[in-house]
file data.cif (mmCIF, C-alpha atoms)
data_protein
loop_
_atom_site.label_atom_id
_atom_site.label_comp_id
_atom_site.auth_asym_id
_atom_site.auth_seq_id
_atom_site.Cartn_x
_atom_site.Cartn_y
_atom_site.Cartn_z
CA MET A 108 -25.94 1.28 9.36
CA ASN A 109 -24.79 -1.11 12.12
CA ALA A 110 -26.03 1.28 14.81
CA GLY A 111 -25.72 -1.44 17.44
CA VAL A 112 -21.94 -1.08 17.62
CA THR A 113 -20.75 1.86 19.70
CA GLY A 114 -19.09 4.57 17.62
CA THR A 115 -20.36 3.36 14.24
CA THR A 116 -23.81 4.95 14.13
CA GLY A 117 -24.30 6.81 10.87
CA ILE A 118 -21.33 5.28 9.04
CA GLU A 119 -21.87 4.38 5.39
CA TYR A 120 -20.08 1.10 4.62
CA THR A 121 -18.96 0.40 1.06
CA SER A 122 -17.47 -2.68 -0.55
CA PHE A 123 -15.48 -0.48 -2.94
CA SER A 124 -13.41 2.64 -2.31
CA GLY A 125 -14.42 5.88 -0.61
CA TRP A 126 -12.21 7.89 -2.98
CA ILE A 127 -13.91 7.45 -6.36
CA ASP A 128 -16.85 5.74 -8.04
CA ARG A 129 -16.53 2.60 -10.12
CA PRO A 130 -15.93 3.13 -13.85
CA THR A 131 -18.99 3.18 -16.08
CA GLU A 132 -17.26 1.39 -18.97
CA TYR A 133 -14.99 -1.65 -18.89
CA ALA A 134 -12.45 -3.23 -21.17
CA PRO A 135 -13.77 -6.46 -22.72
CA ALA A 136 -13.31 -9.83 -21.06
CA LEU A 137 -11.01 -12.32 -22.77
CA GLU A 138 -12.85 -14.59 -25.17
CA GLY A 139 -11.08 -17.20 -27.25
CA ASP A 140 -7.37 -17.91 -27.64
CA ILE A 141 -4.65 -15.37 -28.44
CA GLU A 142 -0.85 -15.13 -28.42
CA THR A 143 1.32 -12.39 -26.95
CA ASP A 144 4.89 -11.80 -25.80
CA VAL A 145 4.14 -11.02 -22.15
CA VAL A 146 1.07 -11.56 -19.95
CA VAL A 147 0.70 -9.43 -16.83
CA VAL A 148 -1.67 -10.91 -14.26
CA GLY A 149 -3.31 -8.22 -12.17
CA GLY A 150 -4.46 -4.67 -12.87
CA GLY A 151 -3.30 -2.97 -9.68
CA LEU A 152 -0.55 -0.38 -9.44
CA LEU A 153 2.22 -2.92 -10.04
CA GLY A 154 0.45 -4.66 -12.90
CA MET A 155 -0.56 -1.43 -14.62
CA GLY A 156 2.94 -0.02 -14.10
CA THR A 157 4.52 -3.13 -15.62
CA ALA A 158 2.20 -3.31 -18.63
CA LEU A 159 2.42 0.41 -19.33
CA ARG A 160 6.21 0.33 -19.33
CA LEU A 161 6.31 -2.75 -21.58
CA ALA A 162 3.92 -1.10 -24.03
CA GLU A 163 6.13 2.01 -24.04
CA ARG A 164 9.08 -0.24 -24.88
CA GLY A 165 7.20 -1.68 -27.86
CA ILE A 166 6.60 -5.11 -26.30
CA ASP A 167 3.42 -7.00 -27.20
CA VAL A 168 1.85 -7.14 -23.74
CA THR A 169 -1.52 -8.32 -22.49
CA LEU A 170 -2.92 -7.51 -19.04
CA LEU A 171 -5.57 -9.65 -17.35
CA GLU A 172 -7.62 -8.25 -14.45
CA SER A 173 -10.29 -10.14 -12.51
CA GLN A 174 -12.46 -7.04 -11.93
CA PHE A 175 -11.39 -3.68 -13.40
CA CYS A 176 -7.97 -2.07 -13.27
CA GLY A 177 -7.56 -0.27 -9.96
CA TRP A 178 -10.34 -2.23 -8.26
CA GLY A 179 -8.22 -3.45 -5.33
CA ALA A 180 -5.78 -1.76 -2.97
CA ALA A 181 -4.71 0.65 -5.73
CA SER A 182 -7.80 2.81 -5.19
CA ARG A 183 -8.65 1.91 -1.60
CA ASN A 184 -5.52 2.92 0.35
CA ALA A 185 -5.00 6.05 2.45
CA GLY A 186 -3.10 7.89 -0.29
CA TYR A 187 0.43 8.23 1.10
CA LEU A 188 2.96 8.73 -1.69
CA THR A 189 5.96 7.95 0.47
CA ASN A 190 9.50 6.60 0.53
CA THR A 191 8.76 4.83 3.82
CA LEU A 192 9.86 1.22 4.22
CA ALA A 193 7.57 -1.09 6.15
CA GLY A 194 8.66 -2.11 9.63
CA ASP A 195 10.74 -0.47 12.33
CA ALA A 196 14.09 0.87 11.07
CA ARG A 197 15.98 -0.87 13.88
CA MET A 198 14.44 -4.20 12.87
CA LEU A 199 15.21 -3.61 9.19
CA ALA A 200 18.83 -2.74 10.00
CA ALA A 201 19.17 -5.97 11.99
CA LEU A 202 17.48 -8.17 9.37
CA HIS A 203 18.93 -6.58 6.24
CA PRO A 204 22.20 -4.83 7.15
CA ARG A 205 23.64 -5.13 3.63
CA ARG A 206 20.45 -4.34 1.77
CA LEU A 207 19.06 -1.45 3.80
CA SER A 208 20.85 1.32 1.89
CA GLY A 209 19.76 -0.17 -1.41
CA ALA A 210 16.16 -0.54 -0.24
CA ILE A 211 16.13 3.10 0.88
CA ARG A 212 17.51 4.17 -2.50
CA PHE A 213 14.77 2.14 -4.22
CA ALA A 214 12.07 3.73 -2.05
CA ASP A 215 13.36 7.25 -2.71
CA SER A 216 13.51 6.60 -6.46
CA SER A 217 9.98 5.21 -6.44
CA VAL A 218 8.53 8.56 -5.34
CA THR A 219 10.39 10.39 -8.09
CA TYR A 220 9.20 7.81 -10.64
CA SER A 221 5.56 8.12 -9.54
CA GLU A 222 5.74 11.90 -9.76
CA GLY A 223 7.05 11.45 -13.30
CA LEU A 224 4.10 9.20 -14.17
CA MET A 225 1.69 11.89 -13.00
CA GLU A 226 3.42 14.51 -15.10
CA ARG A 227 3.86 12.42 -18.27
CA HIS A 228 0.28 11.21 -18.33
CA GLY A 229 -1.41 14.31 -16.93
CA ILE A 230 -2.80 12.45 -13.92
CA GLU A 231 -4.68 14.83 -11.63
CA CYS A 232 -4.89 13.26 -8.17
CA ALA A 233 -4.92 16.19 -5.69
CA TYR A 234 -1.22 15.68 -4.93
CA GLU A 235 0.13 17.72 -2.00
CA ARG A 236 3.94 17.58 -1.63
CA THR A 237 3.90 17.64 2.16
CA GLY A 238 6.18 14.71 2.93
CA ASN A 239 5.08 12.28 5.63
CA VAL A 240 5.90 11.68 9.29
CA ILE A 241 6.27 8.46 11.28
CA ALA A 242 5.12 9.91 14.59
CA ALA A 243 5.40 9.05 18.28
CA VAL A 244 2.47 9.28 20.68
CA THR A 245 4.41 8.27 23.84
CA GLU A 246 7.79 9.18 25.29
CA GLY A 247 8.95 5.59 24.68
CA GLN A 248 8.04 5.84 21.00
CA LEU A 249 9.80 9.19 20.83
CA ARG A 250 13.06 7.64 22.03
CA LYS A 251 12.70 4.88 19.46
CA SER A 252 11.97 7.49 16.81
CA ARG A 253 15.25 9.28 17.47
CA GLN A 254 17.16 6.00 17.17
CA SER A 255 15.34 5.02 13.98
CA ALA A 256 15.93 8.42 12.41
CA ARG A 257 19.69 8.07 12.94
CA ILE A 258 19.69 4.61 11.35
CA LEU A 259 17.73 5.81 8.30
CA VAL A 260 19.83 8.94 7.78
CA ASP A 261 23.07 6.95 8.13
CA ALA A 262 21.75 4.57 5.46
CA GLY A 263 21.09 7.45 3.08
CA ALA A 264 17.44 8.34 3.70
CA ASP A 265 16.21 11.86 3.02
CA ALA A 266 14.75 12.16 6.52
CA GLU A 267 15.18 13.91 9.85
CA PHE A 268 13.87 13.75 13.39
CA VAL A 269 11.39 16.54 14.17
CA HIS A 270 9.65 17.78 17.31
CA GLY A 271 5.88 17.72 17.06
CA PRO A 272 4.87 21.21 18.23
CA GLU A 273 7.63 22.94 16.28
CA PHE A 274 6.95 20.99 13.10
CA GLY A 275 3.19 21.47 13.05
CA LEU A 276 1.98 18.04 14.14
CA PRO A 277 -1.29 17.62 16.04
CA ASP A 278 -0.95 17.96 19.79
CA ALA A 279 -1.07 14.23 20.52
CA PHE A 280 1.96 13.53 18.33
CA LEU A 281 5.18 14.33 20.17
CA GLY A 282 7.55 14.19 17.22
CA GLY A 283 8.87 11.67 14.75
CA ILE A 284 10.71 10.94 11.53
CA PHE A 285 9.95 13.41 8.76
CA GLU A 286 10.50 11.86 5.33
CA ARG A 287 10.67 14.72 2.87
CA ALA A 288 9.86 12.92 -0.35
CA GLY A 289 6.29 12.63 -1.52
CA GLY A 290 3.12 13.61 0.28
CA VAL A 291 -0.54 12.72 0.04
CA ILE A 292 -2.77 12.10 -2.97
CA ASN A 293 -6.22 10.84 -3.89
CA PRO A 294 -5.26 7.22 -4.70
CA GLY A 295 -8.52 6.51 -6.49
CA MET A 296 -7.89 9.33 -8.95
CA TYR A 297 -4.29 8.17 -9.35
CA ALA A 298 -5.35 4.58 -10.10
CA ARG A 299 -7.98 5.82 -12.54
CA GLY A 300 -5.36 7.99 -14.27
CA LEU A 301 -3.01 5.03 -14.66
CA ARG A 302 -5.88 2.95 -16.00
CA ASP A 303 -6.70 5.64 -18.58
CA ALA A 304 -3.04 5.80 -19.64
CA LEU A 305 -2.86 2.02 -19.94
CA LEU A 306 -6.05 1.79 -22.02
CA LYS A 307 -4.62 4.42 -24.40
CA SER A 308 -1.30 2.58 -24.72
CA GLY A 309 -0.47 -0.29 -27.04
CA ALA A 310 -1.23 -2.87 -24.34
CA LYS A 311 -4.13 -5.26 -24.73
CA VAL A 312 -6.28 -5.07 -21.57
CA PHE A 313 -8.95 -7.58 -20.58
CA GLU A 314 -11.04 -6.84 -17.49
CA ASN A 315 -13.46 -9.22 -15.75
CA SER A 316 -11.01 -11.98 -16.71
CA PRO A 317 -9.78 -13.81 -13.57
CA VAL A 318 -6.87 -16.16 -14.17
CA GLY A 319 -7.40 -19.77 -13.23
CA GLU A 320 -4.08 -21.36 -14.16
CA ILE A 321 -0.59 -20.53 -15.40
CA ARG A 322 0.98 -23.59 -17.05
CA PRO A 323 4.53 -23.50 -18.49
CA GLY A 324 5.25 -25.84 -21.37
CA PRO A 325 7.75 -26.49 -24.17
CA ALA A 326 5.77 -24.31 -26.60
CA GLY A 327 5.37 -21.40 -24.22
CA ILE A 328 3.36 -20.49 -21.13
CA VAL A 329 -0.41 -20.92 -21.25
CA VAL A 330 -2.56 -18.63 -19.09
CA THR A 331 -6.16 -19.77 -18.74
CA THR A 332 -9.28 -17.75 -17.90
CA ALA A 333 -12.94 -18.73 -17.94
CA GLY A 334 -13.35 -17.25 -21.42
CA GLY A 335 -10.15 -18.17 -23.17
CA ARG A 336 -6.42 -18.84 -23.14
CA ILE A 337 -3.28 -16.85 -23.87
CA ARG A 338 0.02 -18.34 -25.01
CA ALA A 339 2.99 -16.15 -24.07
CA GLU A 340 6.75 -16.19 -23.83
CA ARG A 341 6.75 -14.60 -20.36
CA VAL A 342 4.30 -14.00 -17.52
CA VAL A 343 4.38 -11.49 -14.65
CA ILE A 344 2.36 -12.28 -11.53
CA ALA A 345 1.40 -8.87 -10.17
CA ASN A 346 -1.91 -9.36 -8.37
CA ASN A 347 -0.84 -8.34 -4.85
CA ALA A 348 -2.66 -10.23 -2.08
CA HIS A 349 -4.50 -12.37 -4.63
CA SER A 350 -1.26 -13.94 -5.89
CA ARG A 351 -1.78 -16.72 -3.34
CA ASP A 352 -4.73 -17.95 -5.42
CA LEU A 353 -2.36 -19.10 -8.19
CA ALA A 354 -0.70 -22.46 -7.66
CA ILE A 355 2.50 -21.35 -9.40
CA THR A 356 3.13 -18.50 -6.92
CA PRO A 357 6.00 -19.32 -4.51
CA PRO A 358 4.59 -20.55 -1.18
CA ARG A 359 4.59 -18.06 1.69
CA MET A 360 5.63 -15.20 -0.62
CA SER A 361 3.16 -12.90 1.12
CA ALA A 362 0.37 -12.83 3.67
CA PRO A 363 -2.93 -11.15 2.76
CA LEU A 364 -4.30 -8.63 5.27
CA TRP A 365 -7.59 -6.77 5.27
CA VAL A 366 -6.98 -3.13 6.21
CA SER A 367 -9.82 -0.75 7.12
CA LEU A 368 -10.20 3.03 6.78
CA VAL A 369 -12.74 5.48 8.21
CA GLU A 370 -13.44 9.03 7.04
CA THR A 371 -14.95 11.79 9.15
CA GLU A 372 -17.49 14.39 8.18
CA PRO A 373 -15.99 17.69 6.91
CA ILE A 374 -14.29 19.67 9.68
CA ASP A 375 -14.06 23.43 9.94
CA PRO A 376 -10.52 24.45 8.87
CA GLY A 377 -10.13 26.51 12.02
CA ARG A 378 -10.80 23.47 14.17
CA LEU A 379 -8.26 21.45 12.20
CA LEU A 380 -5.67 24.16 12.69
CA ALA A 381 -6.48 24.35 16.39
CA THR A 382 -5.32 20.73 16.79
CA GLY A 383 -1.81 21.92 15.92
CA TRP A 384 -1.81 20.18 12.53
CA SER A 385 -0.49 23.15 10.53
CA SER A 386 1.90 21.07 8.39
CA ARG A 387 -0.85 18.88 6.82
CA VAL A 388 1.67 16.02 6.51
CA GLY A 389 0.43 12.46 6.33
CA ILE A 390 0.96 10.75 9.69
CA SER A 391 1.60 7.13 10.63
CA THR A 392 2.59 6.02 14.10
CA HIS A 393 5.39 4.01 15.69
CA HIS A 394 3.05 1.28 16.98
CA LEU A 395 3.67 -2.38 16.19
CA VAL A 396 0.66 -2.02 13.90
CA LEU A 397 0.67 1.55 12.71
CA GLU A 398 -2.20 3.99 12.87
CA SER A 399 -2.57 6.44 9.97
CA TYR A 400 -4.12 9.92 9.87
CA ARG A 401 -4.33 12.36 6.98
CA ILE A 402 -6.29 15.44 5.96
CA THR A 403 -8.10 15.40 2.62
CA PRO A 404 -8.82 18.34 0.27
CA ARG A 405 -12.44 18.15 1.45
CA ASN A 406 -11.25 18.89 5.04
CA THR A 407 -12.07 15.45 6.36
CA ILE A 408 -9.66 13.19 8.22
CA ILE A 409 -9.13 9.64 6.97
CA PHE A 410 -7.69 7.26 9.55
CA GLY A 411 -7.08 3.55 9.67
CA VAL A 412 -4.97 0.38 9.85
CA ARG A 413 -4.51 -0.15 13.65
CA ARG A 414 -6.47 -3.41 13.56
CA PRO A 415 -5.79 -5.36 10.34
CA GLU A 416 -7.33 -8.79 9.89
CA ALA A 417 -5.68 -11.95 8.59
CA ALA A 418 -7.24 -13.77 5.66
CA ARG A 419 -9.67 -16.57 6.32
CA GLY A 420 -10.90 -18.26 3.18
CA ALA A 421 -11.38 -16.53 -0.16
CA LEU A 422 -10.30 -12.91 -0.62
CA GLY A 423 -13.61 -11.62 -1.86
CA ALA A 424 -15.21 -8.19 -1.73
CA ARG A 425 -16.36 -7.25 1.76
CA GLU A 426 -17.20 -4.34 4.02
CA VAL A 427 -15.41 -3.12 7.12
CA ASP A 428 -16.32 -4.98 10.31
CA PRO A 429 -18.26 -2.49 12.50
CA ARG A 430 -16.25 -3.62 15.53
CA VAL A 431 -13.03 -2.70 13.74
CA ALA A 432 -14.54 0.63 12.67
CA ALA A 433 -15.50 1.32 16.29
CA ASP A 434 -11.92 0.63 17.42
CA LEU A 435 -10.57 2.98 14.75
CA VAL A 436 -12.97 5.68 15.92
CA ARG A 437 -11.82 5.20 19.52
CA GLY A 438 -8.23 5.68 18.38
CA PHE A 439 -9.15 8.82 16.43
CA ARG A 440 -10.87 10.36 19.45
CA GLN A 441 -7.91 9.53 21.65
CA ARG A 442 -5.47 11.25 19.26
CA PHE A 443 -7.82 14.20 18.61
CA PRO A 444 -9.74 14.86 21.83
CA SER A 445 -10.85 18.30 20.66
CA LEU A 446 -12.62 16.61 17.71
CA ARG A 447 -14.51 14.01 19.74
CA ASP A 448 -17.81 15.37 18.48
CA VAL A 449 -16.78 14.99 14.82
CA ALA A 450 -18.80 12.15 13.32
CA PRO A 451 -17.38 9.29 11.26
CA ARG A 452 -19.19 9.13 7.95
CA ARG A 453 -17.74 6.43 5.67
CA ALA A 454 -15.72 3.24 5.99
CA TRP A 455 -14.05 1.04 3.41
CA GLY A 456 -11.11 -1.32 3.20
CA GLY A 457 -9.03 -3.55 0.99
CA TRP A 458 -6.67 -6.49 0.79
CA ILE A 459 -2.95 -5.79 0.95
CA ALA A 460 -0.01 -8.19 1.09
CA MET A 461 2.87 -8.34 3.56
CA THR A 462 6.10 -10.12 2.65
CA PRO A 463 8.12 -12.00 5.30
CA SER A 464 11.08 -9.63 4.82
CA TRP A 465 8.91 -6.47 5.05
CA LEU A 466 10.64 -5.39 1.80
CA PRO A 467 9.38 -5.58 -1.78
CA VAL A 468 10.34 -8.81 -3.54
CA VAL A 469 10.82 -9.79 -7.17
CA GLY A 470 12.13 -12.90 -8.92
CA GLU A 471 11.21 -15.93 -11.02
CA ALA A 472 8.79 -18.59 -9.79
CA THR A 473 9.98 -20.77 -12.66
CA ASP A 474 11.60 -20.05 -16.02
CA ASN A 475 10.03 -16.92 -17.57
CA VAL A 476 7.29 -16.70 -14.92
CA TYR A 477 8.10 -13.65 -12.79
CA TYR A 478 6.56 -12.57 -9.51
CA ALA A 479 6.70 -9.12 -7.95
CA MET A 480 5.28 -7.74 -4.71
CA ALA A 481 5.69 -4.16 -3.52
CA CYS A 482 2.88 -3.53 -1.06
CA ASN A 483 3.68 -4.03 2.66
CA GLY A 484 1.36 -1.09 3.34
CA HIS A 485 3.57 1.38 1.42
CA GLY A 486 3.17 0.25 -2.18
CA LEU A 487 1.53 3.32 -3.68
CA ALA A 488 4.83 4.68 -5.00
CA GLN A 489 6.89 1.50 -4.91
CA ALA A 490 4.61 -0.77 -6.96
CA PRO A 491 4.65 1.12 -10.29
CA TYR A 492 8.40 1.66 -10.01
CA LEU A 493 9.11 -2.01 -9.31
CA GLY A 494 6.92 -2.91 -12.28
CA ALA A 495 8.87 -0.57 -14.55
CA LEU A 496 12.21 -2.00 -13.39
CA LEU A 497 11.01 -5.54 -14.10
CA ALA A 498 9.62 -4.46 -17.48
CA ASP A 499 13.00 -3.02 -18.45
CA ARG A 500 14.69 -6.31 -17.54
CA ILE A 501 12.15 -8.25 -19.63
CA ALA A 502 12.79 -5.85 -22.50
CA GLY A 503 16.45 -6.87 -22.44
CA GLU A 504 18.10 -4.13 -20.41
CA THR A 505 20.79 -4.84 -17.82
CA PRO A 506 18.96 -5.08 -14.48
CA HIS A 507 18.91 -1.75 -12.64
CA GLU A 508 20.73 -1.64 -9.30
CA ASP A 509 17.40 -1.04 -7.53
CA LEU A 510 16.01 -4.22 -9.08
CA ARG A 511 19.13 -6.17 -8.09
CA THR A 512 18.69 -5.03 -4.48
CA LEU A 513 15.27 -6.66 -4.28
CA TRP A 514 15.80 -9.64 -6.59
CA ARG A 515 15.34 -13.07 -5.02
CA PRO A 516 17.78 -15.65 -6.44
CA ARG A 517 15.40 -18.47 -5.51
CA PRO A 518 11.65 -18.51 -4.82
CA TRP A 519 11.78 -19.59 -1.18
CA PHE A 520 10.22 -17.67 1.70
CA THR A 521 9.88 -18.12 5.44
CA PRO A 522 6.41 -17.82 7.01
CA SER A 523 5.24 -14.25 7.61
CA PRO A 524 4.13 -13.26 11.13
CA ALA A 525 1.38 -11.24 9.47
CA SER A 526 -0.33 -14.46 8.36
CA SER A 527 -1.39 -15.23 11.92
CA GLY A 528 -4.57 -13.71 13.27
CA LEU A 529 -3.36 -14.49 16.78
CA ALA A 530 -0.14 -12.52 16.20
CA LEU A 531 -2.10 -9.55 14.86
CA ARG A 532 -4.41 -9.55 17.88
CA ALA A 533 -1.43 -9.79 20.21
CA ALA A 534 0.23 -6.82 18.47
CA TRP A 535 -2.98 -4.80 18.85
CA ALA A 536 -3.13 -5.65 22.56
CA LEU A 537 0.51 -4.67 23.08
CA ASP A 538 -0.08 -1.38 21.28
CA ARG A 539 -3.02 -0.55 23.53
CA LEU A 540 -0.96 -1.46 26.59
CA SER A 541 1.85 0.84 25.43
CA ASP A 542 -0.71 3.62 24.95
CA ARG A 543 -1.91 3.26 28.53
CA LEU A 544 1.60 3.10 29.95
CA GLY A 545 2.61 6.06 27.83
CA ARG A 546 -0.23 8.16 29.22
CA ARG A 547 0.91 7.36 32.75
CA GLU A 548 4.51 8.20 31.83
CA GLY A 549 3.37 11.50 30.38
#

call {"tool": "encode", "arguments": {"input": "data.cif", "output": "structure tokens"}}
result
Amino acid sequence: MNAGVTGTTGIEYTSFSGWIDRPTEYAPALEGDIETDVVVVGGGLLGMGTALRLAERGIDVTLLESQFCGWGAASRNAGYLTNTLAGDARMLAALHPRRLSGAIRFADSSVTYSEGLMERHGIECAYERTGNVIAAVTEGQLRKSRQSARILVDAGADAEFVHGPEFGLPDAFLGGIFERAGGVINPGMYARGLRDALLKSGAKVFENSPVGEIRPGPAGIVVTTAGGRIRAERVVIANNAHSRDLAITPPRMSAPLWVSLVETEPIDPGRLLATGWSSRVGISTHHLVLESYRITPRNTIIFGVRRPEAARGALGAREVDPRVAADLVRGFRQRFPSLRDVAPRRAWGGWIAMTPSWLPVVGEATDNVYYAMACNGHGLAQAPYLGALLADRIAGETPHEDLRTLWRPRPWFTPSPASSGLALRAAWALDRLSDRLGRREG
């Protein structure tokens, strides 16, 4: 129980997700040698989205997953179905002035596409179409929020600046950018629904089949696992943070981060309403490293991020560090002082990937070996859509304009600031300093 760390007494730590249980039955592991048209490496949201679309297009596709489909970030995240782009809008406008409008269009379309997946495949995932808010907790953040809202709206985003009390945000949140598309879901149920749809499709799925090597050759591309090999015409690398484990992945394409979440005990609905949170929107903050807060259908609050951790060594299964959980609890009690007596009950986390550009990326590592990354903390909607766009290109369609916006003409990337543990700790310290200065300003 880790009762020795202040604020973590009574928390149940899990190495899987707090949203759903593990499946009771698994697809078989790969044994022997087979041939296929396309191999998709990774059974997360992007991999499942890619393979499902290829199967729908009649392509002979095989998906390889090291654990079970949906095991990673797909079922462990906070459940924001959002058109949010990672990073501050002012920074994105400065770094990508010609691509910002296209990236916003892609993000908007991704929410619509994900809603279509739910409808077509009958995926029940407790979806609430609330939209989401990037919220300010200090007057300084509020000023930045107004500026960012103008930039996003001018670039075509379906968003507006809102005032906290009038919009139904909790008392500690002064206002922010309301992004109308999407809302909140149970991501574990969503990932399980996609897995069910994939297993019913024409795709061949092998779980418990980690990929060791991808080797292009004159007779095709050979993908090797512990139990067998697959020869294919094309390969899609879609294993999120774990893509770094494959030698063929472009260097520095992404930086793995461990992100933690904590869930409270159930809270009386009257107490939730008394915080001012009448809108039930999902909330993230304007900090350098965002904080996230959302209400669940079971009337708990799930909160997290705030203190992500850089990768050190292998990206294996792990539990949340009790010191990180304690920091998350401190943040929760600061934002919700009237709920200080509400106990944290569960904690879990997962590996995500951050690209140097803060935008999704897609391209070819070498001939017919594609890579795609759509996480950056907001991949729940964007990953399946990016996978579908890439699948359509592989199937022979003219590349969609959303795919062209994100396509990398060459597999070269600058180092990501998120890869440095020192930079992450410095960002956390600056965020806490801004909190203190903001309280004095208020």

call {"tool": "resolve_selection", "arguments": {"input": "data.cif", "expression": "the PyMOL selection byres ((chain A and resi 282) around 6)", "output": "PyMOL selection string"}}
result
chain A and resi 242-243+269-271+280-281+283

call {"tool": "residues_near_point", "arguments": {"input": "data.cif", "point": "(16.0, -13.7, -6.8)", "cutoff": "7 Å", "atoms": "only C-alpha atoms", "output": "PDB file with C-alpha atoms, in the coordinates of the input"}}
result
ATOM      1  CA  VAL A 469      10.820  -9.790  -7.170  1.00  0.00           C
ATOM      2  CA  GLY A 470      12.130 -12.900  -8.920  1.00  0.00           C
ATOM      3  CA  GLU A 471      11.210 -15.930 -11.020  1.00  0.00           C
ATOM      4  CA  TRP A 514      15.800  -9.640  -6.590  1.00  0.00           C
ATOM      5  CA  ARG A 515      15.340 -13.070  -5.020  1.00  0.00           C
ATOM      6  CA  PRO A 516      17.780 -15.650  -6.440  1.00  0.00           C
ATOM      7  CA  ARG A 517      15.400 -18.470  -5.510  1.00  0.00           C
ATOM      8  CA  PRO A 518      11.650 -18.510  -4.820  1.00  0.00           C
TER       9      PRO A 518
END

call {"tool": "residues_around", "arguments": {"input": "data.cif", "residues": "A:Val476", "least_positions_apart": "5", "cutoff": "8 Å", "atoms": "all atoms listed in the file", "output": "list in words"}}
result
Arg341, Val342, Val343, Ile344 and Glu471 of chain A

call {"tool": "write_last_selection", "arguments": {"input": "data.cif", "atoms": "C-alpha atoms", "output": "short mmCIF file (atom, residue, chain, number, x, y, z; two decimals), in the frame of the given file"}}
result
data_model
loop_
_atom_site.label_atom_id
_atom_site.label_comp_id
_atom_site.auth_asym_id
_atom_site.auth_seq_id
_atom_site.Cartn_x
_atom_site.Cartn_y
_atom_site.Cartn_z
CA ARG A 341 6.75 -14.60 -20.36
CA VAL A 342 4.30 -14.00 -17.52
CA VAL A 343 4.38 -11.49 -14.65
CA ILE A 344 2.36 -12.28 -11.53
CA GLU A 471 11.21 -15.93 -11.02
#

call {"tool": "closest_residue", "arguments": {"input": "data.cif", "among": "A:Tyr133, A:Phe213, A:Tyr400, A:Tyr234", "to": "A:Pro294", "atoms": "all atoms listed in the file"}}
result
A:Tyr234

call {"tool": "atom_distance", "arguments": {"input": "data.cif", "atom1": "atom CA of A:Arg387", "atom2": "atom CA of A:Pro277"}}
result
9.3 Å

call {"tool": "closest_residue", "arguments": {"input": "data.cif", "among": "A:Leu397, A:Ala185, A:Ala264, A:Leu249", "to": "A:Ile409", "atoms": "all atoms listed in the file"}}
result
A:Ala185

call {"tool": "residues_around", "arguments": {"input": "data.cif", "residues": "A:Ala339", "least_positions_apart": "2", "cutoff": "12 Å", "atoms": "only C-alpha atoms", "output": "ChimeraX atom specification"}}
result
/A:140-147,166-170,321-331,336-337,341-343,475-476

call {"tool": "residues_near_point", "arguments": {"input": "data.cif", "point": "(4.1, 15.9, -8.7)", "cutoff": "9 Å", "atoms": "all atoms listed in the file", "output": "JSON, numbers by chain"}}
result
{"A": [219, 221, 222, 223, 224, 225, 226, 234, 235, 236, 289]}

call {"tool": "closest_residue", "arguments": {"input": "data.cif", "among": "A:Gly186, A:Gly156, A:Pro373, A:Gly383", "to": "A:Arg302", "atoms": "only C-alpha atoms"}}
result
A:Gly156

call {"tool": "residues_around", "arguments": {"input": "data.cif", "residues": "stretch 251-263 of chain A", "least_positions_apart": "5", "cutoff": "12 Å", "atoms": "all atoms listed in the file", "output": "MDAnalysis selection string"}}
result
chainID A and resid 190:192 194:201 203:215 240:246 268:271 280:287 392:394

call {"tool": "closest_residue", "arguments": {"input": "data.cif", "among": "A:Thr371, A:Thr382, A:Ser216, A:Thr403", "to": "A:Cys232", "atoms": "only C-alpha atoms"}}
result
A:Thr403

call {"tool": "resolve_selection", "arguments": {"input": "data.cif", "expression": "the PyMOL selection byres ((chain A and resi 489) around 9)", "output": "JSON, numbers by chain"}}
result
{"A": [152, 153, 188, 189, 190, 213, 214, 215, 216, 217, 218, 220, 221, 467, 481, 482, 485, 486, 487, 488, 490, 491, 492, 493, 494]}

call {"tool": "build_atoms", "arguments": {"input": "data.cif", "residues": "stretch 276-282 of chain A", "atoms": "N, CA and C atoms", "output": "compact mmCIF listing (two decimals), in the coordinates of the input"}}
result
# COMPACT_ATOMS: atom_id res chain seq x y z
N LEU A 276 2.75 19.27 13.99
CA LEU A 276 1.98 18.04 14.14
C LEU A 276 0.84 18.27 15.13
N PRO A 277 -0.23 17.50 15.04
CA PRO A 277 -1.29 17.62 16.04
C PRO A 277 -0.75 17.39 17.45
N ASP A 278 -1.45 17.93 18.43
CA ASP A 278 -0.95 17.96 19.79
C ASP A 278 -0.59 16.60 20.35
N ALA A 279 -1.31 15.55 19.95
CA ALA A 279 -1.07 14.23 20.52
C ALA A 279 0.20 13.57 20.00
N PHE A 280 0.79 14.13 18.96
CA PHE A 280 1.96 13.53 18.33
C PHE A 280 3.20 14.31 18.74
N LEU A 281 4.07 13.66 19.50
CA LEU A 281 5.18 14.33 20.17
C LEU A 281 6.33 14.68 19.25
N GLY A 282 6.45 13.99 18.17
CA GLY A 282 7.55 14.19 17.22
C GLY A 282 7.66 12.95 16.36
